[in-house]
$ cat query.txt   # compact mmCIF, C-alpha atoms
# COMPACT_ATOMS: atom_id res chain seq x y z
CA MET A 589 3.59 -10.08 -35.40
CA SER A 590 6.80 -8.67 -33.98
CA GLN A 591 4.63 -6.75 -31.51
CA ASP A 592 3.15 -10.08 -30.31
CA ILE A 593 6.55 -11.63 -29.77
CA GLN A 594 7.63 -8.58 -27.83
CA ASP A 595 4.52 -8.83 -25.64
CA ILE A 596 5.05 -12.50 -24.89
CA HIS A 597 8.67 -11.78 -24.09
CA GLY A 598 7.60 -8.96 -21.77
CA THR A 599 5.06 -11.12 -19.92
CA MET A 600 7.65 -13.83 -19.31
CA LYS A 601 10.04 -11.28 -17.84
CA VAL A 602 7.33 -10.04 -15.48
CA LEU A 603 6.53 -13.54 -14.22
CA ALA A 604 10.11 -14.19 -13.16
CA VAL A 605 10.34 -10.87 -11.30
CA GLU A 606 7.07 -11.68 -9.53
CA ARG A 607 8.34 -14.99 -8.23
CA ILE A 608 11.56 -13.50 -6.87
CA LEU A 609 9.82 -10.56 -5.20
CA ALA A 610 7.16 -12.87 -3.72
CA ARG A 611 9.97 -14.87 -2.12
CA VAL A 612 11.56 -11.74 -0.61
CA LEU A 613 8.23 -10.56 0.81
CA ARG A 614 7.29 -14.00 2.15
CA LEU A 615 10.63 -14.32 3.91
CA GLY A 616 10.29 -10.83 5.44
CA SER A 617 6.72 -11.32 6.64
CA ILE A 618 7.37 -14.79 8.10
CA ALA A 619 10.51 -13.66 9.94
CA ALA A 620 8.76 -10.55 11.28
CA GLY A 621 5.56 -12.44 12.15
CA VAL A 622 7.38 -15.17 14.09
CA MET A 623 9.46 -12.66 16.07
CA LEU A 624 6.39 -10.55 16.88
CA ALA A 625 4.38 -13.62 17.94
CA ILE A 626 7.13 -14.96 20.21
CA GLY A 627 7.81 -11.47 21.57
CA ILE A 628 4.15 -10.76 22.37
CA GLY A 629 3.70 -14.27 23.77
CA THR A 630 6.61 -13.94 26.20
CA MET A 631 5.53 -10.41 27.09
CA LEU A 632 2.05 -11.60 28.08
CA LEU A 633 3.42 -14.57 30.02
CA ALA A 634 6.60 -13.21 31.58
CA GLY A 635 6.82 -9.49 30.76
CA SER A 636 10.58 -9.59 30.35
CA PRO A 637 12.52 -6.75 28.68
CA PHE A 638 13.79 -9.36 26.23
CA ALA A 639 10.27 -9.59 24.82
CA VAL A 640 10.25 -5.87 23.98
CA ARG A 641 13.57 -6.24 22.18
CA LEU A 642 12.19 -9.17 20.19
CA ILE A 643 9.10 -7.17 19.16
CA THR A 644 11.28 -4.22 18.12
CA ALA A 645 13.45 -6.55 16.01
CA GLY A 646 10.33 -7.96 14.32
CA LEU A 647 9.08 -4.44 13.54
CA ILE A 648 12.45 -3.41 12.09
CA ILE A 649 12.58 -6.50 9.86
CA LEU A 650 9.08 -5.71 8.58
CA LEU A 651 10.07 -2.09 8.01
CA LEU A 652 13.07 -3.01 5.90
CA THR A 653 11.21 -5.58 3.76
CA PRO A 654 9.70 -3.10 1.23
CA VAL A 655 13.04 -1.31 0.89
CA LEU A 656 14.76 -4.66 0.33
CA ARG A 657 12.06 -5.47 -2.23
CA VAL A 658 12.90 -2.37 -4.30
CA MET A 659 16.63 -3.17 -4.04
CA VAL A 660 16.08 -6.75 -5.22
CA ALA A 661 13.84 -5.50 -8.05
CA THR A 662 16.66 -3.15 -9.13
CA LEU A 663 19.09 -6.07 -9.32
CA VAL A 664 16.61 -8.28 -11.20
CA PHE A 665 15.91 -5.58 -13.79
CA LEU A 666 19.64 -4.90 -14.16
CA ARG A 667 20.35 -8.57 -14.76
CA LYS A 668 17.59 -8.66 -17.36
CA ARG A 669 19.14 -5.59 -19.01
CA ASP A 670 15.84 -3.78 -18.51
CA TRP A 671 17.70 -0.50 -17.96
CA LEU A 672 14.61 1.71 -17.88
CA PHE A 673 12.92 -0.20 -15.06
CA ALA A 674 16.20 -0.50 -13.16
CA LEU A 675 16.38 3.30 -13.38
CA PHE A 676 12.78 3.58 -12.09
CA CYS A 677 13.73 1.45 -9.07
CA LEU A 678 16.77 3.67 -8.40
CA VAL A 679 14.57 6.78 -8.55
CA VAL A 680 12.27 5.19 -5.95
CA LEU A 681 15.23 4.33 -3.70
CA CYS A 682 16.59 7.90 -3.95
CA ALA A 683 13.16 9.32 -3.13
CA LEU A 684 12.93 7.03 -0.09
CA ALA A 685 16.41 8.09 1.09
CA ALA A 686 15.51 11.76 0.61
CA GLY A 687 12.25 11.22 2.50
CA VAL A 688 14.10 9.73 5.47
CA LYS A 689 16.69 12.55 5.41
CA LEU A 690 14.01 15.27 5.30
CA GLY A 691 11.98 13.55 8.00
CA MET A 692 14.98 13.41 10.34
CA VAL A 693 15.65 17.13 9.89
CA GLY A 694 12.01 18.24 10.15
CA MET B 158 -1.83 -4.59 29.35
CA ILE B 159 -3.03 -8.11 28.62
CA THR B 160 -6.62 -7.01 28.03
CA THR B 161 -5.45 -4.15 25.82
CA THR B 162 -3.49 -6.59 23.69
CA LEU B 163 -6.40 -9.02 23.54
CA VAL B 164 -8.88 -6.33 22.45
CA LEU B 165 -6.43 -4.68 20.08
CA PHE B 166 -5.61 -7.90 18.29
CA PRO B 167 -9.04 -8.64 16.70
CA ILE B 168 -9.47 -4.99 15.66
CA ALA B 169 -6.09 -5.16 13.95
CA ILE B 170 -7.09 -8.39 12.19
CA VAL B 171 -10.23 -6.71 10.81
CA ALA B 172 -8.14 -3.74 9.64
CA GLY B 173 -5.73 -6.14 7.94
CA VAL B 174 -8.51 -8.05 6.16
CA MET B 175 -10.13 -4.84 4.92
CA GLY B 176 -6.83 -3.26 3.93
CA ALA B 177 -5.75 -6.31 1.96
CA ILE B 178 -9.04 -6.62 0.07
CA LEU B 179 -9.41 -2.93 -0.74
CA GLY B 180 -5.75 -2.00 -1.28
CA LEU B 181 -5.69 0.44 1.64
CA GLY B 182 -3.44 0.90 4.65
CA GLY B 183 -6.18 0.41 7.23
CA GLY B 184 -5.27 3.63 9.06
CA ILE B 185 -8.95 4.60 8.85
CA ILE B 186 -9.63 1.89 11.45
CA ILE B 187 -6.39 1.76 13.45
CA VAL B 188 -5.82 5.43 14.24
CA PRO B 189 -9.34 6.08 15.65
CA ALA B 190 -9.31 2.72 17.49
CA LEU B 191 -6.02 3.48 19.22
CA THR B 192 -6.74 7.12 20.06
CA LEU B 193 -10.43 6.90 20.95
CA LEU B 194 -10.68 3.41 22.47
CA PHE B 195 -7.31 3.15 24.21
CA GLY B 196 -6.31 6.78 24.72
CA VAL B 197 -3.04 6.31 22.85
CA PRO B 198 -1.39 9.65 21.88
CA MET B 199 -1.90 10.66 18.24
CA ARG B 200 1.82 10.41 17.34
CA THR B 201 2.07 6.86 18.70
CA ALA B 202 -1.12 5.88 16.90
CA VAL B 203 0.00 7.30 13.55
CA ALA B 204 3.41 5.63 13.92
CA ALA B 205 1.81 2.24 14.66
CA SER B 206 -0.57 2.73 11.75
CA THR B 207 2.30 3.56 9.38
CA VAL B 208 4.17 0.38 10.29
CA SER B 209 0.96 -1.61 9.90
CA ILE B 210 0.56 -0.25 6.34
CA ILE B 211 3.76 -2.14 5.58
CA ALA B 212 2.28 -5.22 7.27
CA THR B 213 -0.84 -5.07 5.07
CA SER B 214 1.23 -4.56 1.95
CA THR B 215 3.79 -7.28 2.67
CA GLY B 216 1.31 -9.83 4.01
CA ALA B 217 -1.12 -9.55 1.11
CA ALA B 218 1.43 -9.13 -1.68
CA VAL B 219 2.62 -12.75 -1.58
CA ALA B 220 -0.83 -14.11 -2.49
CA TYR B 221 -1.42 -11.42 -5.13
CA LEU B 222 1.99 -11.96 -6.73
CA ASN B 223 1.34 -15.70 -6.97
CA ASP B 224 -2.02 -15.02 -8.68
CA LYS B 225 -0.34 -12.39 -10.92
CA LEU B 226 -2.93 -9.86 -9.71
CA THR B 227 -0.18 -7.37 -8.92
CA ASN B 228 1.08 -5.55 -11.98
CA ILE B 229 4.73 -5.03 -11.02
CA ARG B 230 5.60 -2.89 -14.02
CA VAL B 231 2.71 -0.51 -13.35
CA ALA B 232 3.69 -0.53 -9.66
CA MET B 233 7.33 0.40 -10.33
CA TRP B 234 6.32 3.10 -12.79
CA LEU B 235 3.83 4.65 -10.35
CA GLU B 236 6.02 4.23 -7.25
CA MET B 237 8.29 6.93 -8.67
CA GLY B 238 5.34 9.30 -8.30
CA THR B 239 4.21 8.20 -4.84
CA ALA B 240 7.71 8.12 -3.32
CA SER B 241 8.79 11.51 -4.68
CA GLY B 242 5.37 12.93 -3.82
CA ALA B 243 5.70 11.80 -0.20
CA THR B 244 9.11 13.48 -0.04
CA THR B 245 7.67 16.69 -1.51
CA GLY B 246 4.86 16.50 1.04
CA ALA B 247 7.36 16.37 3.90
CA LEU B 248 9.27 19.28 2.32
CA VAL B 249 6.34 21.67 1.85
CA ALA B 250 4.54 20.75 5.10
CA GLY B 251 4.01 23.92 7.07
CA TYR B 252 3.96 26.17 4.00
CA LEU B 253 0.55 25.06 2.85
CA ASN B 254 -2.88 25.58 4.30
CA GLN B 255 -3.84 22.16 5.65
CA ARG B 256 -7.53 23.03 5.94
CA PHE B 257 -7.73 23.95 2.28
CA LEU B 258 -5.90 20.73 1.32
CA PHE B 259 -8.24 18.56 3.37
CA ILE B 260 -11.25 20.13 1.63
CA LEU B 261 -9.61 19.87 -1.82
CA PHE B 262 -8.55 16.24 -1.50
CA GLY B 263 -11.85 15.35 0.20
CA ALA B 264 -13.76 16.84 -2.73
CA LEU B 265 -11.58 14.87 -5.18
CA LEU B 266 -12.29 11.65 -3.29
CA GLY B 267 -16.00 12.46 -3.22
CA TYR B 268 -15.94 12.97 -6.98
CA SER B 269 -14.20 9.65 -7.69
CA GLY B 270 -16.52 7.92 -5.20
CA TYR B 271 -19.48 9.36 -7.11
CA ASN B 272 -18.03 8.07 -10.39
CA MET B 273 -17.57 4.62 -8.86
CA LEU B 274 -21.14 4.68 -7.63
CA LYS B 275 -22.35 5.48 -11.14
CA SER B 276 -20.40 2.63 -12.71
CA ARG B 277 -21.06 0.09 -9.93
CA GLY B 278 -22.09 -3.38 -11.01
CA LYS B 279 -20.34 -2.95 -14.33
CA ASP B 280 -17.31 -5.14 -14.75
CA ARG B 281 -17.39 -5.07 -18.50
CA ALA B 282 -14.24 -5.71 -20.40
CA ARG B 283 -13.44 -2.10 -21.12
CA MET B 284 -11.97 -1.26 -24.47
CA VAL B 285 -8.76 0.31 -23.30
CA VAL B 286 -6.39 1.50 -26.00
CA PRO B 287 -2.84 1.58 -24.61
CA ASP B 288 -0.99 4.87 -24.96
CA ARG B 289 2.58 5.17 -26.25
CA VAL B 290 4.24 5.05 -22.84
CA SER B 291 2.19 2.01 -21.86
CA ARG B 292 3.24 0.17 -25.03
CA ARG B 293 6.88 1.18 -24.62
CA LEU B 294 7.00 0.07 -20.97
CA LEU B 295 4.94 -3.12 -21.56
CA LEU B 296 2.44 -2.17 -18.87
CA ALA B 297 -0.33 -4.50 -20.12
CA GLY B 298 -1.22 -7.27 -17.68
CA SER B 299 -2.89 -10.62 -17.41
CA TYR B 300 -4.13 -12.55 -14.39
CA HIS B 301 -6.17 -15.61 -13.60
CA ASP B 302 -9.45 -14.53 -12.00
CA GLN B 303 -10.59 -17.24 -9.57
CA ALA B 304 -14.06 -15.69 -9.21
CA LEU B 305 -14.68 -15.61 -12.96
CA GLY B 306 -12.75 -18.81 -13.58
CA ARG B 307 -10.87 -17.39 -16.53
CA GLN B 308 -7.81 -15.45 -17.58
CA VAL B 309 -8.28 -11.67 -17.71
CA ASP B 310 -6.08 -9.73 -20.12
CA TYR B 311 -6.04 -5.99 -19.91
CA GLN B 312 -4.37 -2.93 -21.35
CA VAL B 313 -3.30 0.22 -19.51
CA ASN B 314 -3.68 3.78 -20.75
CA HIS B 315 -3.16 7.35 -19.48
CA SER B 316 0.18 6.25 -18.04
CA VAL B 317 1.53 9.78 -17.62
CA PRO B 318 -1.62 11.30 -16.05
CA GLY B 319 -1.61 8.25 -13.75
CA LEU B 320 1.96 9.02 -12.66
CA ILE B 321 1.07 12.68 -12.01
CA ILE B 322 -1.95 11.65 -9.89
CA MET B 323 0.32 9.31 -7.90
CA TYR B 324 2.69 12.21 -7.26
CA PHE B 325 -0.16 14.21 -5.71
CA SER B 326 -1.45 11.20 -3.79
CA GLY B 327 2.09 10.87 -2.41
CA ILE B 328 1.98 14.53 -1.35
CA ALA B 329 -1.35 13.91 0.40
CA ALA B 330 0.14 10.91 2.19
CA GLY B 331 3.25 12.84 3.27
CA LEU B 332 1.36 16.00 4.20
CA LEU B 333 -1.94 14.88 5.65
CA GLY B 334 -0.95 11.41 6.83
CA ILE B 335 -3.82 9.82 4.92
CA GLY B 336 -4.45 8.44 1.49
CA ALA B 337 -2.14 5.44 1.45
CA GLY B 338 -4.36 3.60 -0.98
CA ILE B 339 -7.61 5.51 -1.19
CA PHE B 340 -6.27 7.75 -4.01
CA LYS B 341 -4.28 5.04 -5.77
CA VAL B 342 -7.12 2.58 -6.39
CA PRO B 343 -9.43 5.05 -8.22
CA ALA B 344 -6.48 6.40 -10.23
CA MET B 345 -5.69 2.95 -11.62
CA ASP B 346 -9.33 1.85 -11.93
CA GLN B 347 -10.86 5.00 -13.41
CA VAL B 348 -8.01 6.86 -15.07
CA MET B 349 -5.70 4.10 -16.27
CA GLY B 350 -8.49 1.65 -17.10
CA MET B 351 -7.20 -1.30 -15.07
CA PRO B 352 -9.56 -4.01 -13.71
CA PHE B 353 -10.64 -3.28 -10.13
CA LYS B 354 -8.94 -6.31 -8.57
CA ALA B 355 -5.67 -5.57 -10.34
CA SER B 356 -5.98 -1.96 -9.10
CA THR B 357 -6.40 -2.89 -5.42
CA ALA B 358 -3.67 -5.56 -5.57
CA THR B 359 -1.23 -3.17 -7.24
CA SER B 360 -2.14 -0.39 -4.80
CA ASN B 361 -1.49 -2.85 -1.97
CA PHE B 362 1.94 -3.60 -3.38
CA MET B 363 2.86 0.09 -3.61
CA ILE B 364 1.66 1.36 -0.21
CA GLY B 365 4.38 -0.54 1.65
CA VAL B 366 7.10 1.39 -0.16
CA THR B 367 5.41 4.77 0.31
CA ALA B 368 5.04 4.06 4.03
CA ALA B 369 8.61 2.81 4.49
CA SER B 370 10.42 6.16 4.61
CA GLY B 371 7.82 7.58 7.00
CA ALA B 372 8.09 4.51 9.20
CA VAL B 373 11.89 4.79 9.39
CA VAL B 374 11.52 8.40 10.55
CA TYR B 375 8.92 7.49 13.21
CA PHE B 376 11.23 4.72 14.40
CA ALA B 377 14.23 7.05 14.67
CA ARG B 378 12.16 9.58 16.61
CA GLY B 379 11.05 6.89 19.04
CA ASP B 380 7.36 7.24 18.14
CA VAL B 381 7.03 3.51 17.43
CA GLN B 382 6.09 2.00 20.80
CA PRO B 383 6.80 -1.76 20.61
CA LEU B 384 4.02 -2.62 23.06
CA VAL B 385 1.42 -0.71 21.01
CA ALA B 386 2.75 -1.31 17.50
CA GLY B 387 3.68 -4.97 18.09
CA PRO B 388 0.19 -6.39 18.68
CA VAL B 389 -1.35 -4.09 16.03
CA VAL B 390 1.19 -5.06 13.39
CA LEU B 391 0.95 -8.79 14.13
CA GLY B 392 -2.86 -8.61 13.95
CA VAL B 393 -2.77 -6.67 10.68
CA LEU B 394 -0.27 -9.16 9.25
CA VAL B 395 -2.55 -12.11 10.09
CA GLY B 396 -5.57 -10.17 8.76
CA ALA B 397 -3.78 -9.35 5.50
CA LEU B 398 -2.98 -13.03 4.91
CA ILE B 399 -6.67 -13.91 5.41
CA GLY B 400 -7.91 -10.93 3.38
CA ALA B 401 -5.70 -11.68 0.40
CA ARG B 402 -6.97 -15.25 0.23
CA LEU B 403 -10.56 -13.94 0.37
CA MET B 404 -10.01 -11.25 -2.23
CA VAL B 405 -8.69 -13.53 -4.99
CA ARG B 406 -12.03 -15.38 -4.79
CA LEU B 407 -14.20 -12.23 -4.83
CA LYS B 408 -15.65 -10.67 -7.97
CA GLY B 409 -14.29 -7.33 -9.06
CA THR B 410 -17.79 -5.84 -8.79
CA THR B 411 -18.04 -7.03 -5.16
CA VAL B 412 -14.69 -5.50 -4.23
CA ARG B 413 -15.78 -2.25 -5.85
CA ARG B 414 -19.08 -2.29 -3.89
CA LEU B 415 -17.09 -2.65 -0.65
CA PHE B 416 -14.80 0.21 -1.66
CA ILE B 417 -17.53 2.78 -2.43
CA PRO B 418 -18.86 3.39 1.12
CA LEU B 419 -15.31 3.68 2.43
CA ILE B 420 -14.20 6.26 -0.13
CA LEU B 421 -17.37 8.32 0.43
CA TYR B 422 -16.90 8.13 4.22
CA THR B 423 -13.28 9.24 3.92
CA ALA B 424 -14.30 12.12 1.63
CA VAL B 425 -16.87 13.37 4.17
CA MET B 426 -14.40 12.99 7.08
CA MET B 427 -11.71 14.94 5.23
CA ILE B 428 -14.02 17.79 4.26
CA TYR B 429 -15.28 17.85 7.87
CA ARG B 430 -11.71 18.07 9.18
CA GLY B 431 -11.02 20.91 6.76
CA VAL B 432 -14.12 22.89 7.71
CA VAL B 433 -14.08 22.24 11.48
CA HIS B 434 -10.42 22.78 12.19
CA ARG B 435 -9.30 20.84 15.22
$ encode --input "query.txt" --output "structure tokens"
Amino acid sequence: MSQDIQDIHGTMKVLAVERILARVLRLGSIAAGVMLAIGIGTMLLAGSPFAVRLITAGLIILLLTPVLRVMVATLVFLRKRDWLFALFCLVVLCALAAGVKLGMVG
Amino acid sequence: MITTTLVLFPIAIVAGVMGAILGLGGGIIIVPALTLLFGVPMRTAVAASTVSIIATSTGAAVAYLNDKLTNIRVAMWLEMGTASGATTGALVAGYLNQRFLFILFGALLGYSGYNMLKSRGKDRARMVVPDRVSRRLLLAGSYHDQALGRQVDYQVNHSVPGLIIMYFSGIAAGLLGIGAGIFKVPAMDQVMGMPFKASTATSNFMIGVTAASGAVVYFARGDVQPLVAGPVVLGVLVGALIGARLMVRLKGTTVRRLFIPLILYTAVMMIYRGVVHR
């Protein structure tokens, strides 16, 4: 019985995290998609250097979205006092930072 | 330039649709298309493909999260393995025999493709008994399956072996530049006992994070060419949105049937690359 309650509790926690992360990812993909579309459109029509800058900005926004997603997940788990999963998120962030550092050197 | 963009765009859309449905990065399509069809240098092609992995992941994830197909807790647990594996891969690159690794990982893929082939058509509710870690971390999931028209509840087991496999799949991604999702889907489906659709959706969610550190590095090195990557990434993003909407309506057995030829093809290509060293 207590196991059931715990499971229901767990499922509810997961749903809330899902909604928040979905919002982060939607925002990132819409922002990136709009900038890429306008950038490519102006490049095809006018070929201005501004277009290239716009495309680059769109790519950078897209690139940062998954990292932002892990950061937001860390905060959500911390607020829910789900220390273990907050720790998991931090491990992922550290591994990403280490990956970037190693890649820059290599 | 205009024609290149116009031809590139539909190819990228197809890659995005496939990647979203099957939980893959779509590099299998994009890298050969860019290098063989358009004569783009390998580095530029791989960089564009890495950024487009993030596009597939981000574009499809919204739909999967809304349908609860993505298992976030499983994803966060396994991401520790993929992210640290990718870092290890970058660290040990150059010390290991790439040819041997291509053959080894190719053989592993061939084996899991063979297992999938054997169990094709079966979408039985598997009796999965959760292990201790799975119970402690509340990894069990539940989603509404639009194709079956009912709620699917499932348990997860072999959580620790799953994490270890993800670590090695991360190494393969960091070292060989392949295997964004092709190792992750069978690990969740066959080892951890998750439903196939939940496996591809969760793989999709994870590949964006694994690709992120690589993409930052390519960006800093100047390998990401906006005029090549821009149209590819936009196409993949659009394709991923379409693919995700298709996938939630497909049966798990159908998705698995689509996955099998791709995993077998990749296995053969990897073993070929290992044997015939380029």
$ interface_residues --input "query.txt" --of "chain A" --to "chain B" --cutoff "9 Å" --atoms "only C-alpha atoms" --output "PyMOL selection string"
chain A and resi 594-595+598-599+602-603+605-607+609-611+613-614+616-618+620-621+624-625+627-628+631-632+640-641+643-644+646-648+650-655+657-658+672-673+676-677+679-692+694
$ axis_aligned_box --input "query.txt" --around "segment 627-640 of chain A" --padding-each-side "5 Å" --output "AutoDock Vina command-line options"
--center_x 7.9 --center_y -10.2 --center_z 26.6 --size_x 21.7 --size_y 18.7 --size_z 20.0
$ closest_residue --input "query.txt" --among "B:Asp310, B:Ala397, B:Arg406, B:Arg256" --to "Leu332 of chain B" --atoms "only C-alpha atoms"
B:Arg256
$ atom_distance --input "query.txt" --atom1 "atom CA of Thr359 of chain B" --atom2 "atom CA of Phe166 of chain B"
26.3 Å
$ residues_around --input "query.txt" --residues "Ser206 of chain B" --least-positions-apart "5" --cutoff "9 Å" --atoms "all atoms listed in the file" --output "ChimeraX atom specification"
/B:182-184,187-188,201,211,386,389-390
$ write_last_selection --input "query.txt" --atoms "C-alpha atoms" --output "PDB file, in the frame of the given file"
ATOM      1  CA  GLY B 182      -3.440   0.900   4.650  1.00  0.00           C
ATOM      2  CA  GLY B 183      -6.180   0.410   7.230  1.00  0.00           C
ATOM      3  CA  GLY B 184      -5.270   3.630   9.060  1.00  0.00           C
ATOM      4  CA  ILE B 187      -6.390   1.760  13.450  1.00  0.00           C
ATOM      5  CA  VAL B 188      -5.820   5.430  14.240  1.00  0.00           C
ATOM      6  CA  THR B 201       2.070   6.860  18.700  1.00  0.00           C
ATOM      7  CA  ILE B 211       3.760  -2.140   5.580  1.00  0.00           C
ATOM      8  CA  ALA B 386       2.750  -1.310  17.500  1.00  0.00           C
ATOM      9  CA  VAL B 389      -1.350  -4.090  16.030  1.00  0.00           C
ATOM     10  CA  VAL B 390       1.190  -5.060  13.390  1.00  0.00           C
TER      11      VAL B 390
END
